[in-house]
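> query_24.txt is the file, holding compact mmCIF, C-alpha atoms:
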# COMPACT_ATOMS: atom_id res chain seq x y z
CA MET A 19 4.80 142.18 57.14
CA SER A 20 4.30 139.46 54.56
CA LYS A 21 1.66 139.45 51.89
CA ALA A 22 0.53 137.61 48.79
CA SER A 23 0.88 139.37 45.47
CA ASP A 24 -1.69 142.06 44.71
CA ARG A 25 -3.29 142.02 41.29
CA PRO A 26 -2.57 144.84 38.86
CA PRO A 27 -5.59 146.38 37.08
CA VAL A 28 -5.63 143.75 34.33
CA GLY A 29 -9.10 143.51 32.79
CA ALA A 30 -10.13 146.94 34.07
CA SER A 31 -12.03 147.41 30.82
CA THR A 32 -14.12 145.14 28.64
CA ARG A 33 -16.07 145.36 25.38
CA ALA A 34 -19.81 145.80 24.91
CA THR A 35 -21.99 145.82 21.80
CA ILE A 36 -23.87 149.11 21.54
CA THR A 37 -26.23 150.97 19.23
CA ALA A 38 -24.57 154.26 18.35
CA VAL A 39 -26.86 157.12 17.31
CA GLU A 40 -25.20 160.18 15.82
CA GLU A 41 -26.62 162.90 13.57
CA GLY A 42 -29.41 160.69 12.35
CA SER A 43 -27.28 157.60 11.69
CA ILE A 44 -27.70 154.35 13.60
CA ALA A 45 -24.97 151.73 13.76
CA GLU A 46 -24.17 148.63 15.77
CA ARG A 47 -20.59 148.57 17.04
CA GLU A 48 -18.40 147.60 19.94
CA ASP A 49 -17.44 150.00 22.70
CA VAL A 50 -14.98 149.80 25.59
CA VAL A 51 -16.49 150.07 29.08
CA ALA A 52 -14.95 150.07 32.54
CA VAL A 53 -15.30 146.90 34.62
CA GLU A 54 -17.11 147.16 37.95
CA GLU A 55 -17.17 144.29 40.45
CA PRO A 56 -17.77 143.94 44.20
CA LEU A 57 -14.89 143.60 46.64
CA GLU A 58 -15.44 142.17 50.10
CA ILE A 59 -12.95 143.39 52.70
CA ARG A 60 -12.42 140.98 55.59
CA ILE A 61 -10.39 141.41 58.76
CA ALA A 62 -8.57 138.49 60.40
CA ALA A 63 -7.81 139.31 64.02
CA GLU A 64 -8.30 138.17 67.59
CA PHE A 65 -11.87 138.57 68.79
CA ALA A 66 -12.49 137.63 72.43
CA GLY A 67 -9.21 135.72 72.44
CA VAL A 68 -10.01 133.70 69.32
CA ARG A 69 -8.48 134.51 65.91
CA ARG A 70 -11.23 134.75 63.31
CA SER A 71 -11.93 136.30 59.94
CA ARG A 72 -14.92 138.65 59.80
CA SER A 73 -16.43 140.62 56.94
CA PHE A 74 -16.10 144.38 57.41
CA SER A 75 -17.38 145.95 54.21
CA ILE A 76 -18.30 145.40 50.57
CA THR A 77 -17.59 148.05 47.96
CA MET A 78 -18.03 148.25 44.20
CA ARG A 79 -14.69 148.88 42.50
CA SER A 80 -12.52 148.48 39.41
CA PRO A 81 -10.55 145.22 39.88
CA GLY A 82 -6.85 145.66 40.55
CA HIS A 83 -4.74 147.17 43.34
CA ASP A 84 -7.20 145.50 45.72
CA PHE A 85 -4.74 145.24 48.62
CA GLU A 86 -4.11 148.98 48.41
CA LEU A 87 -7.85 149.63 48.37
CA ALA A 88 -8.44 147.40 51.40
CA VAL A 89 -5.72 148.88 53.62
CA GLY A 90 -6.41 152.45 52.52
CA PHE A 91 -10.05 151.97 53.43
CA LEU A 92 -9.22 150.39 56.80
CA LEU A 93 -6.87 153.27 57.61
CA SER A 94 -9.62 155.81 56.99
CA GLU A 95 -12.03 153.79 59.12
CA GLY A 96 -9.65 153.80 62.07
CA ILE A 97 -9.00 150.04 62.01
CA LEU A 98 -5.33 150.49 61.02
CA ALA A 99 -2.97 152.97 62.60
CA GLY A 100 -0.18 152.17 60.15
CA SER A 101 1.52 149.44 58.16
CA GLY A 102 2.92 147.94 61.37
CA ASP A 103 -0.58 146.71 62.25
CA ILE A 104 -0.62 144.44 59.18
CA TRP A 105 0.70 140.90 59.38
CA ARG A 106 -0.44 139.64 55.99
CA ILE A 107 -2.78 140.47 53.12
CA ALA A 108 -4.23 137.81 50.84
CA TYR A 109 -7.10 137.00 48.55
CA CYS A 110 -9.62 134.67 50.15
CA GLU A 111 -8.05 131.24 50.70
CA ASP A 112 -11.29 129.48 51.71
CA SER A 113 -12.91 129.45 48.29
CA ASP A 114 -12.04 127.86 44.97
CA SER A 115 -14.61 129.91 43.09
CA ASP A 116 -14.11 133.09 41.10
CA ASP A 117 -15.44 135.01 44.11
CA ALA A 118 -12.06 134.41 45.80
CA ALA A 119 -10.61 137.10 43.51
CA ASN A 120 -13.19 139.54 44.89
CA THR A 121 -12.47 138.94 48.58
CA VAL A 122 -9.43 140.36 50.37
CA GLU A 123 -8.45 139.40 53.91
CA VAL A 124 -6.28 141.78 55.89
CA HIS A 125 -4.61 139.79 58.70
CA LEU A 126 -3.72 142.00 61.65
CA GLN A 127 -0.71 141.47 63.86
CA PRO A 128 -1.32 139.61 67.14
CA GLY A 129 -2.28 142.07 69.83
CA VAL A 130 -3.83 144.67 67.50
CA ALA A 131 -7.20 145.41 69.05
CA VAL A 132 -10.39 145.63 66.98
CA ASP A 133 -13.63 146.92 68.46
CA PRO A 134 -16.43 144.45 67.58
CA GLU A 135 -18.89 147.36 67.63
CA ARG A 136 -17.28 148.65 64.44
CA PHE A 137 -18.70 145.62 62.59
CA ARG A 138 -22.19 146.24 63.93
CA ARG A 139 -22.04 149.90 62.93
CA ASN A 140 -20.79 148.78 59.50
CA VAL A 141 -18.50 151.66 58.56
CA TYR A 142 -19.51 154.41 60.97
CA ILE A 143 -18.02 157.36 59.14
CA SER A 144 -19.72 156.64 55.82
CA SER A 145 -23.09 156.03 57.46
CA SER A 146 -22.84 159.22 59.52
CA CYS A 147 -22.12 161.40 56.49
CA GLY A 148 -25.14 163.50 55.61
CA VAL A 149 -27.01 162.75 58.85
CA CYS A 150 -25.42 165.61 60.75
CA GLY A 151 -22.41 167.61 59.65
CA LYS A 152 -21.25 168.40 63.18
CA GLU A 153 -21.55 164.74 64.19
CA SER A 154 -19.54 163.66 61.12
CA ILE A 155 -16.68 165.98 62.05
CA ALA A 156 -16.92 164.91 65.69
CA ALA A 157 -16.67 161.27 64.58
CA LEU A 158 -13.37 162.03 62.86
CA ARG A 159 -12.07 163.59 66.05
CA ARG A 160 -13.07 160.48 68.02
CA LEU A 161 -11.10 158.38 65.54
CA GLY A 162 -8.02 160.48 66.27
CA GLY A 163 -8.18 162.91 63.36
CA GLN A 164 -5.44 165.54 63.58
CA PRO A 165 -4.45 168.60 61.52
CA PRO A 166 -1.67 167.81 59.03
CA ALA A 167 1.93 168.43 60.00
CA GLY A 168 4.72 169.85 57.86
CA ASP A 169 5.40 173.15 56.11
CA LEU A 170 4.16 172.44 52.56
CA VAL A 171 3.73 175.55 50.39
CA VAL A 172 2.63 175.21 46.75
CA GLU A 173 3.03 177.64 43.87
CA GLY A 174 -0.14 178.65 42.06
CA ARG A 175 1.35 177.75 38.67
CA THR A 176 2.10 174.27 40.00
CA ILE A 177 -1.54 173.80 41.00
CA ARG A 178 -2.76 174.90 37.56
CA SER A 179 -0.45 172.44 35.80
CA LEU A 180 -1.66 169.32 37.61
CA PRO A 181 -5.02 168.46 35.95
CA GLU A 182 -3.40 167.96 32.55
CA LYS A 183 -0.69 165.78 34.06
CA LEU A 184 -3.31 163.63 35.79
CA LEU A 185 -5.50 163.33 32.70
CA SER A 186 -2.60 162.30 30.48
CA SER A 187 -1.74 159.50 32.93
CA GLN A 188 -5.25 158.00 33.10
CA GLU A 189 -4.78 154.98 30.85
CA VAL A 190 -8.14 153.26 31.41
CA PHE A 191 -10.09 156.54 31.36
CA SER A 192 -8.62 157.30 27.94
CA ARG A 193 -10.19 154.06 26.64
CA THR A 194 -13.49 154.12 28.51
CA GLY A 195 -14.25 157.60 29.82
CA GLY A 196 -15.69 155.78 32.84
CA LEU A 197 -13.13 156.03 35.64
CA HIS A 198 -12.21 158.58 38.29
CA ALA A 199 -8.63 159.17 39.32
CA CYS A 200 -6.50 160.26 42.25
CA GLY A 201 -3.05 161.65 41.58
CA VAL A 202 -0.31 162.15 44.17
CA PHE A 203 2.19 164.89 43.32
CA SER A 204 5.31 166.34 44.88
CA ARG A 205 5.32 169.96 46.05
CA HIS A 206 6.96 170.85 42.72
CA GLY A 207 4.28 169.11 40.64
CA ALA A 208 5.99 165.82 39.78
CA LEU A 209 3.47 162.98 39.44
CA GLU A 210 4.44 160.29 41.95
CA LEU A 211 1.41 158.01 41.85
CA VAL A 212 -1.94 157.67 40.08
CA ARG A 213 -4.82 155.30 40.73
CA GLU A 214 -8.05 154.91 38.77
CA ASP A 215 -11.38 153.42 39.80
CA VAL A 216 -15.10 153.61 39.04
CA GLY A 217 -15.45 155.26 42.46
CA ARG A 218 -13.36 158.32 43.26
CA HIS A 219 -13.34 157.29 46.94
CA ASN A 220 -11.81 153.94 45.89
CA ALA A 221 -9.18 155.73 43.80
CA VAL A 222 -8.20 157.72 46.90
CA ASP A 223 -8.15 154.57 49.06
CA LYS A 224 -5.87 152.86 46.53
CA ALA A 225 -3.46 155.81 46.48
CA VAL A 226 -3.45 156.07 50.28
CA GLY A 227 -3.06 152.30 50.58
CA ARG A 228 -0.01 152.32 48.33
CA LEU A 229 1.61 155.05 50.42
CA LEU A 230 0.78 153.14 53.62
CA LEU A 231 2.34 149.91 52.33
CA ASP A 232 5.41 151.88 51.22
CA GLY A 233 5.80 153.46 54.66
CA ALA A 234 5.19 156.91 53.17
CA LEU A 235 2.50 158.13 55.57
CA PRO A 236 1.71 160.71 56.80
CA ALA A 237 1.70 162.37 53.38
CA ALA A 238 2.00 165.95 54.59
CA SER A 239 4.46 166.86 51.80
CA SER A 240 2.30 165.47 49.00
CA ILE A 241 -0.42 167.13 46.94
CA PHE A 242 -3.54 165.05 46.21
CA LEU A 243 -5.65 165.80 43.12
CA VAL A 244 -8.97 164.07 42.49
CA SER A 245 -11.15 164.07 39.41
CA GLY A 246 -14.71 165.34 39.76
CA ARG A 247 -16.07 166.93 42.92
CA THR A 248 -14.80 166.76 46.50
CA SER A 249 -17.07 165.23 49.13
CA PHE A 250 -16.79 164.93 52.91
CA GLU A 251 -15.65 161.34 52.39
CA LEU A 252 -12.64 162.37 50.30
CA VAL A 253 -11.58 165.00 52.82
CA HIS A 254 -11.96 162.38 55.56
CA LYS A 255 -9.80 159.84 53.74
CA THR A 256 -7.02 162.27 52.85
CA MET A 257 -7.07 163.79 56.34
CA ALA A 258 -6.54 160.29 57.79
CA ALA A 259 -3.46 159.99 55.54
CA GLY A 260 -2.02 163.25 56.82
CA VAL A 261 -2.54 165.11 53.54
CA SER A 262 -2.39 168.90 53.86
CA VAL A 263 -3.33 169.99 50.29
CA LEU A 264 -6.33 168.46 48.50
CA LEU A 265 -7.23 169.66 45.01
CA SER A 266 -10.10 168.75 42.69
CA VAL A 267 -11.16 169.62 39.18
CA GLY A 268 -14.75 170.03 40.40
CA ALA A 269 -16.62 171.62 43.27
CA PRO A 270 -16.48 170.72 46.96
CA SER A 271 -19.55 170.10 49.07
CA SER A 272 -20.32 172.34 52.04
CA LEU A 273 -19.41 169.56 54.49
CA ALA A 274 -16.13 168.96 52.64
CA VAL A 275 -15.27 172.64 53.16
CA ASP A 276 -16.32 172.58 56.83
CA THR A 277 -14.31 169.43 57.50
CA ALA A 278 -11.17 170.65 55.72
CA ARG A 279 -11.37 173.91 57.64
CA ALA A 280 -11.91 172.10 60.96
CA PHE A 281 -8.76 170.03 60.46
CA GLY A 282 -6.55 172.76 59.04
CA MET A 283 -6.33 171.38 55.50
CA THR A 284 -6.01 173.34 52.26
CA LEU A 285 -8.95 172.66 49.94
CA VAL A 286 -8.93 173.89 46.34
CA GLY A 287 -11.58 173.30 43.68
CA PHE A 288 -12.28 174.02 40.01
CA VAL A 289 -8.59 173.69 39.16
CA ARG A 290 -7.92 174.71 35.55
CA GLU A 291 -4.93 175.87 33.51
CA ASP A 292 -5.88 179.48 34.16
CA ARG A 293 -7.67 179.50 37.53
CA PHE A 294 -8.67 177.75 40.76
CA ASN A 295 -10.80 178.49 43.84
CA VAL A 296 -9.34 178.24 47.36
CA TYR A 297 -11.98 177.28 49.93
CA CYS A 298 -9.73 177.13 52.97
CA GLY A 299 -6.05 176.97 53.91
CA ARG A 300 -4.80 179.69 51.54
CA ASP A 301 -1.64 180.09 53.66
CA ARG A 302 -0.18 177.00 51.93
CA ILE A 303 -0.41 178.62 48.49
CA ALA A 304 2.45 180.97 47.68
CA GLY A 305 1.53 184.61 47.06
CA LEU A 306 -1.96 184.52 48.57
What would the structure in this file look like if it were written as structure tokens?

Amino acid sequence: MSKASDRPPVGASTRATITAVEEGSIAEREDVVAVEEPLEIRIAAEFAGVRRSRSFSITMRSPGHDFELAVGFLLSEGILAGSGDIWRIAYCEDSDSDDAANTVEVHLQPGVAVDPERFRRNVYISSSCGVCGKESIAALRRLGGQPPAGDLVVEGRTIRSLPEKLLSSQEVFSRTGGLHACGVFSRHGALELVREDVGRHNAVDKAVGRLLLDGALPAASSIFLVSGRTSFELVHKTMAAGVSVLLSVGAPSSLAVDTARAFGMTLVGFVREDRFNVYCGRDRIAGL
């Protein structure tokens, strides 16, 4: 697989002039805010025997690690089965405008089949979420969703230590307060990877995409921790990556719990230094 160079998250924050009101005082000053821009994800593949580039999705994201975001997203949508499906990744080569930096083309290897119906449905999993919980879970099964493999067991004290490790590694969040994060940890709590983004689903896609490009999937021996709450979408994305233990500092939704349980994942919420709640998969947590 060859690819052009991905862009690091340079310019992930910018400055804005604000009116600050505090305890009766009013002052004009500058503040640091997180950058949010659209990213178009395109797929270059053979359609009806002709190689073409077609738009698959547009998402709002924090610029940087765009290749990771694109391939992580395509893995969760069932377009990619692994890194071997990728021939090349590049920013759009057909435009000289600034929009080229906001368009990523994932070129698939010759012979990798793509169902044209997926473009008409325009991201089936995301659109099905919330319409019917049973249908959403069934859609994951149709895309080949499987319970995670491996024998990962995590100590409770390890789980409780992770939020502080993630927070201390969130460089852009420390400046802006405006980004979510996804941290990937070893079974012993060592931070292996962190990605930030204005969307927590994008942060997960970036982390999964990095592991995919490194040949490190399925990630059955890794612990994923996300900031905020856990939705069906986050369970779906981590399940597609083979993750067995998903933690969050916030609450899960009912469909997130149902989906994690259906696929044999361990789902933990409200992780703090002194407590956490296990919603399913307690057998992977030592002593429970």
> Using only C-alpha atoms, which of the listed residues (A:Asp84, A:Glu40, A:Glu123, A:Asp215) sits closest to Ile61 (chain A)?
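Of A:Asp84, A:Glu40, A:Glu123, A:Asp215, the one nearest Ile61 (chain A), counting only C-alpha atoms, is A:Glu123.
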> Which is closer to Phe288 (chain A) than all the others in A:Leu180, A:Val124, A:Ala88, A:Ala238, using all atoms listed in the file?
A:Leu180
> Would you write out, as JSON lines, a table of all residues in region 161-249 of chain A that have an atom no more than 7 Å from an atom of region 254-272 of chain A, listing for each the closest atom pair and the distance in Å to one decimal, considering all atoms listed in the file and ordering rows by chain and rising residue number?

{"residue": "A:Gly163", "atom": "CA", "partner": "A:Ala258", "partner_atom": "CA", "distance": 6.4}
{"residue": "A:Pro166", "atom": "CA", "partner": "A:Gly260", "partner_atom": "CA", "distance": 5.1}
{"residue": "A:Val226", "atom": "CA", "partner": "A:Ala259", "partner_atom": "CA", "distance": 6.6}
{"residue": "A:Leu235", "atom": "CA", "partner": "A:Ala259", "partner_atom": "CA", "distance": 6.2}
{"residue": "A:Pro236", "atom": "CA", "partner": "A:Gly260", "partner_atom": "CA", "distance": 4.5}
{"residue": "A:Ala237", "atom": "CA", "partner": "A:Val261", "partner_atom": "CA", "distance": 5.1}
{"residue": "A:Ala238", "atom": "CA", "partner": "A:Val261", "partner_atom": "CA", "distance": 4.7}
{"residue": "A:Ser240", "atom": "CA", "partner": "A:Val261", "partner_atom": "CA", "distance": 6.6}
{"residue": "A:Ile241", "atom": "CA", "partner": "A:Val263", "partner_atom": "CA", "distance": 5.3}
{"residue": "A:Phe242", "atom": "CA", "partner": "A:Leu264", "partner_atom": "CA", "distance": 5.0}
{"residue": "A:Leu243", "atom": "CA", "partner": "A:Leu265", "partner_atom": "CA", "distance": 4.6}
{"residue": "A:Val244", "atom": "CA", "partner": "A:Ser266", "partner_atom": "CA", "distance": 4.8}
{"residue": "A:Ser245", "atom": "CA", "partner": "A:Val267", "partner_atom": "CA", "distance": 5.6}
{"residue": "A:Gly246", "atom": "CA", "partner": "A:Gly268", "partner_atom": "CA", "distance": 4.7}
{"residue": "A:Arg247", "atom": "CA", "partner": "A:Gly268", "partner_atom": "CA", "distance": 4.2}
{"residue": "A:Thr248", "atom": "CA", "partner": "A:Pro270", "partner_atom": "CA", "distance": 4.3}
{"residue": "A:Ser249", "atom": "CA", "partner": "A:Ser271", "partner_atom": "CA", "distance": 5.5}
> Please determine the residues with any atom at most 7 Å from (-9.8, 161.8, 34.4) (coordinates as given in the file, with all atoms listed in the file counting) and report them as a count of residues only.
8
> Can you work out the spacing between CA of Val122 (chain A) and CA of Gln164 (chain A) in Å, to one decimal?
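Going from CA of Val122 (chain A) over to CA of Gln164 (chain A), I get 28.7 Å.
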> Please provide as a list in words all residues within 7 Å of Ser73 (chain A), with the sequence filter that same-chain residues fewer than 2 positions apart are discarded (counting only C-alpha atoms).
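My list of contacting residues is Ile59, Arg60, Ile61, Ser71 and Ser75 of chain A.
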> Could you jot down the CA of Leu98 (chain A) to CA of Ala221 (chain A) separation for me, Å, one decimal place?
18.4 Å
> For Gly233 (chain A), which residue among A:Thr77, A:Phe91, A:Asp103, A:Ala45 is the nearest when counting all atoms listed in the file?
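Closest to Gly233 (chain A) of all the choices is A:Asp103.
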> Name all residues at most 12 Å from Ile104 (chain A) (count all atoms listed in the file; drop same-chain ones fewer than 6 positions away) and give them as a list in words.
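The contact residues come out as Met19, Ser20, Lys21, Ile61, Ala62, Ala63, Phe85, Ala88, Val89, Gly90, Leu92, Leu93, Ile97, Leu98, Glu123, Val124, His125, Leu126, Gln127, Pro128, Gly129, Val130, Ala131, Gly227, Leu230, Leu231 and Gly233 of chain A.
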> For Ser154 (chain A), which residue out of A:Pro134, A:Val253, A:Thr32, A:Cys298 is the nearest one, using only C-alpha atoms?
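Of A:Pro134, A:Val253, A:Thr32, A:Cys298, the one nearest Ser154 (chain A), counting only C-alpha atoms, is A:Val253.
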> Give me, please, the distance in Å between CA of Asp24 (chain A) and CA of His83 (chain A), quoted to one decimal.
6.1 Å
> Between A:Glu189, A:Asp133, A:Ser80, A:Leu57, which has the minimum distance to Tyr109 (chain A) (counting all atoms listed in the file)?
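Smallest distance to Tyr109 (chain A) is found for A:Leu57.
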> Which is closer to Val202 (chain A) than all the others in A:Ser239, A:Thr121, A:Asn295, A:Ser43, using all atoms listed in the file?
A:Ser239
> Because some atoms of region 72-105 of chain A are absent here, can you restore N, CA and C atoms and send them as a CSV table (one decimal), keeping the file's coordinate frame?

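Saved the output as out.csv:
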chain,number,residue,atom,x,y,z
A,72,ARG,N,-13.6,138.1,59.8
A,72,ARG,CA,-14.9,138.6,59.8
A,72,ARG,C,-15.0,139.7,58.7
A,73,SER,N,-16.2,139.7,58.0
A,73,SER,CA,-16.4,140.6,56.9
A,73,SER,C,-16.6,142.0,57.5
A,74,PHE,N,-16.0,143.0,56.9
A,74,PHE,CA,-16.1,144.4,57.4
A,74,PHE,C,-16.9,145.2,56.5
A,75,SER,N,-16.7,145.1,55.1
A,75,SER,CA,-17.4,146.0,54.2
A,75,SER,C,-17.4,145.3,52.8
A,76,ILE,N,-18.3,145.7,52.0
A,76,ILE,CA,-18.3,145.4,50.6
A,76,ILE,C,-18.4,146.7,49.8
A,77,THR,N,-17.6,146.9,48.8
A,77,THR,CA,-17.6,148.0,48.0
A,77,THR,C,-17.5,147.6,46.5
A,78,MET,N,-18.1,148.5,45.6
A,78,MET,CA,-18.0,148.2,44.2
A,78,MET,C,-16.8,149.0,43.7
A,79,ARG,N,-16.0,148.3,42.9
A,79,ARG,CA,-14.7,148.9,42.5
A,79,ARG,C,-14.3,148.4,41.1
A,80,SER,N,-13.2,149.0,40.6
A,80,SER,CA,-12.5,148.5,39.4
A,80,SER,C,-11.5,147.5,39.9
A,81,PRO,N,-11.5,146.2,39.4
A,81,PRO,CA,-10.6,145.2,39.9
A,81,PRO,C,-9.1,145.7,39.7
A,82,GLY,N,-8.3,145.3,40.6
A,82,GLY,CA,-6.8,145.7,40.6
A,82,GLY,C,-6.5,146.6,41.7
A,83,HIS,N,-5.2,146.4,42.2
A,83,HIS,CA,-4.7,147.2,43.3
A,83,HIS,C,-5.7,147.0,44.5
A,84,ASP,N,-6.2,145.8,44.7
A,84,ASP,CA,-7.2,145.5,45.7
A,84,ASP,C,-6.6,145.6,47.1
A,85,PHE,N,-5.4,145.2,47.3
A,85,PHE,CA,-4.7,145.2,48.6
A,85,PHE,C,-4.6,146.7,49.1
A,86,GLU,N,-4.2,147.6,48.1
A,86,GLU,CA,-4.1,149.0,48.4
A,86,GLU,C,-5.5,149.5,48.8
A,87,LEU,N,-6.5,149.2,48.1
A,87,LEU,CA,-7.8,149.6,48.4
A,87,LEU,C,-8.3,149.2,49.8
A,88,ALA,N,-8.0,147.9,50.1
A,88,ALA,CA,-8.4,147.4,51.4
A,88,ALA,C,-7.7,148.1,52.6
A,89,VAL,N,-6.4,148.3,52.5
A,89,VAL,CA,-5.7,148.9,53.6
A,89,VAL,C,-5.9,150.4,53.7
A,90,GLY,N,-6.1,151.0,52.5
A,90,GLY,CA,-6.4,152.4,52.5
A,90,GLY,C,-7.8,152.7,53.2
A,91,PHE,N,-8.7,151.9,52.8
A,91,PHE,CA,-10.0,152.0,53.4
A,91,PHE,C,-10.0,151.7,54.9
A,92,LEU,N,-9.3,150.7,55.4
A,92,LEU,CA,-9.2,150.4,56.8
A,92,LEU,C,-8.5,151.5,57.6
A,93,LEU,N,-7.5,152.1,57.0
A,93,LEU,CA,-6.9,153.3,57.6
A,93,LEU,C,-7.9,154.4,57.9
A,94,SER,N,-8.7,154.7,56.8
A,94,SER,CA,-9.6,155.8,57.0
A,94,SER,C,-10.7,155.5,58.0
A,95,GLU,N,-11.0,154.2,58.2
A,95,GLU,CA,-12.0,153.8,59.1
A,95,GLU,C,-11.5,153.6,60.5
A,96,GLY,N,-10.2,153.9,60.7
A,96,GLY,CA,-9.6,153.8,62.1
A,96,GLY,C,-9.3,152.4,62.5
A,97,ILE,N,-9.4,151.4,61.6
A,97,ILE,CA,-9.0,150.0,62.0
A,97,ILE,C,-7.5,149.9,62.0
A,98,LEU,N,-6.8,150.5,61.1
A,98,LEU,CA,-5.3,150.5,61.0
A,98,LEU,C,-4.8,151.8,61.5
A,99,ALA,N,-3.7,151.8,62.2
A,99,ALA,CA,-3.0,153.0,62.6
A,99,ALA,C,-1.8,153.2,61.7
A,100,GLY,N,-1.3,152.1,61.0
A,100,GLY,CA,-0.2,152.2,60.2
A,100,GLY,C,0.1,150.8,59.6
A,101,SER,N,1.2,150.7,58.8
A,101,SER,CA,1.5,149.4,58.2
A,101,SER,C,2.0,148.4,59.2
A,102,GLY,N,2.5,148.9,60.3
A,102,GLY,CA,2.9,147.9,61.4
A,102,GLY,C,1.8,147.1,62.0
A,103,ASP,N,0.6,147.5,61.8
A,103,ASP,CA,-0.6,146.7,62.2
A,103,ASP,C,-0.9,145.5,61.4
A,104,ILE,N,-0.3,145.5,60.2
A,104,ILE,CA,-0.6,144.4,59.2
A,104,ILE,C,0.4,143.3,59.3
A,105,TRP,N,-0.1,142.1,59.4
A,105,TRP,CA,0.7,140.9,59.4
A,105,TRP,C,0.8,140.4,58.0
